[in-house]
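Chemist: Handing you this structure, nothing more for now.
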Amino acid sequence: MSDGTDVTLPGGEAPGEAVPPAEPPQELAGLPPDVVSAASGTGQQVLFPTRGRYHAVAAALRDGGFELLSDLCGVDYLTHPGRTLPEGVAPERFEVSAVLLSVQQRRRVRIRVQVPGDDPVLQSLWDLYPGAEAMEREAFDMFGIRFEGHPDLTRILMPEDWEGHPLRKDYGVGRVPVQFKEAPGPR
């Protein structure tokens, strides 16, 4: 039986040891020169392409060995417009975050693209990563971000006749009436 003193974490360090600083992001071949690159607090490489370069950056990464789109989601920054972004990246109301994974290289790259609130449209990644189909539908359903070239951009979580997009920060908080049953009498 272990008393917990021989525990090691996945990175090889013991609990309580300082985590070594993240290595600088490795260069990725084939990316357009104007793509801003940064490292997250956990050392993950984060790319900030423009809306027009989003699809080209994803295609270059796929050709460079990033064969899996593990996540794609939308974010509404309506109430947080002054968030910290790298120099050269202008904040917009919406952001789409896509996480690509290379199993062979054992690497993960996040793409964060700014999407304006008055024209929430972005090129679909469905032709590069067919698994993006459901994730893009969810971002459309919840935030109203449209994906050009998507084969079936319809609601996936809300009923088809639902009005609005529930995860937008300006979406009204609704009420569902609660009906209580009469309390049972003494037994």
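We name chains A, B, ... following the order of the structure tokens; residues begin at 1 in each chain, and ligands are numbered from 1 as shown.
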Identify, on the basis of only C-alpha atoms, every residue whose closest approach to Gly82 of chain A does not exceed 10 Å; exclude the query and any residue fewer than 4 positions from it along the same chain; express the result as a VMD selection string.
Modeler: chain A and resid 77 to 78 91 to 92
Chemist: Would you write out those residues with all heavy atoms, as a CSV table (one decimal), in the first residue's frame?
Modeler:
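What ended up in selection.csv:
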chain,number,residue,atom,x,y,z
A,77,TYR,N,-17.7,37.3,-27.0
A,77,TYR,CA,-17.0,38.2,-26.1
A,77,TYR,C,-17.7,39.5,-26.0
A,77,TYR,O,-17.0,40.5,-25.8
A,77,TYR,CB,-15.6,38.4,-26.6
A,77,TYR,CG,-14.6,37.2,-26.3
A,77,TYR,CD1,-14.2,36.4,-27.3
A,77,TYR,CD2,-14.2,37.0,-25.0
A,77,TYR,CE1,-13.3,35.3,-27.0
A,77,TYR,CE2,-13.3,35.9,-24.7
A,77,TYR,CZ,-12.9,35.1,-25.7
A,77,TYR,OH,-12.1,34.1,-25.5
A,78,LEU,N,-19.0,39.6,-26.1
A,78,LEU,CA,-19.8,40.8,-26.1
A,78,LEU,C,-19.5,41.6,-24.8
A,78,LEU,O,-19.2,42.8,-24.9
A,78,LEU,CB,-21.3,40.6,-26.2
A,78,LEU,CG,-22.1,41.8,-26.1
A,78,LEU,CD1,-22.0,42.7,-27.3
A,78,LEU,CD2,-23.6,41.4,-26.0
A,91,PRO,N,-9.6,42.5,-31.7
A,91,PRO,CA,-10.7,41.7,-31.1
A,91,PRO,C,-12.0,42.0,-31.8
A,91,PRO,O,-12.3,43.1,-32.3
A,91,PRO,CB,-10.7,42.2,-29.7
A,91,PRO,CG,-10.1,43.6,-29.7
A,91,PRO,CD,-9.1,43.5,-30.8
A,92,GLU,N,-12.8,41.0,-32.0
A,92,GLU,CA,-14.1,41.0,-32.5
A,92,GLU,C,-15.1,40.4,-31.5
A,92,GLU,O,-14.6,39.9,-30.5
A,92,GLU,CB,-14.2,40.3,-33.8
A,92,GLU,CG,-13.4,40.9,-35.0
A,92,GLU,CD,-14.0,42.1,-35.6
A,92,GLU,OE1,-15.1,42.5,-35.2
A,92,GLU,OE2,-13.3,42.8,-36.4
Chemist: With distances taken over only C-alpha atoms, which residue among A:Leu85, A:Leu153, A:Val96, A:Val57 lies nearest Gln114 of chain A?
Modeler: A:Val96
Chemist: Could you pull the residues within 12 Å of segment 37-50 of chain A, counting only C-alpha atoms, minus those fewer than 4 positions along the same chain, as a VMD selection string?
Modeler: chain A and resid 19 to 28 31 to 33 54 to 58 61 84 to 92 95 to 101 106 to 116 122 to 123
Chemist: Just list as a count of residues only whatever in segment 20-183 of chain A DSSP marks as alpha helix (DSSP H).
Modeler: 22
Chemist: Work out how far atom CA of Ile156 of chain A is from atom CA of Arg137 of chain A, in Å to one decimal.
Modeler: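 Interatomic distance, atom CA of Arg137 of chain A to atom CA of Ile156 of chain A: 6.1 Å.
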Chemist: Let me make sure I understand: among A:Asp76, A:Gly185, A:Val121, A:His150, which one has the smallest atom-to-atom distance to His165 of chain A if we use only C-alpha atoms?
Modeler: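 Selected residue with least distance to His165 of chain A: A:Asp76.
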Chemist: Atom CA of Phe140 of chain A to atom CA of Phe66 of chain A: how many Å, to one decimal?
Modeler: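 Between these atoms lies a distance of 24.4 Å.
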Chemist: Assign secondary structure with DSSP using the backbone only, and return the residues of segment 82-123 of chain A in strand (DSSP E or B) as a list in words.
Modeler: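 Strand (DSSP E or B) members of segment 82-123 of chain A, listed: Phe94, Glu95, Val96, Ser97, Ala98, Val99, Leu100, Leu101, Ser102, Arg107, Arg108, Val109, Arg110, Ile111, Arg112, Val113, Gln114, Val115, Val121, Leu122 and Gln123 of chain A.
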Chemist: What separation in Å, quoted to one decimal, exists between atom CA of Glu138 of chain A and atom CA of Leu167 of chain A?
Modeler: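 Pair atom CA of Glu138 of chain A / atom CA of Leu167 of chain A returns 10.5 Å.
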Chemist: Which residue out of A:Ser70, A:Ala59, A:Val36, A:Gln104 has the minimum interatomic distance to Asp127 of chain A when only C-alpha atoms are used?
Modeler: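 Checking each of A:Ser70, A:Ala59, A:Val36, A:Gln104 against Asp127 of chain A, counting only C-alpha atoms, the winner is A:Ala59.
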Chemist: Under the rule that only C-alpha atoms are counted, which of A:Val35, A:His80, A:Tyr129, A:Val75 is the nearest residue to Arg62 of chain A?
Modeler: A:Tyr129
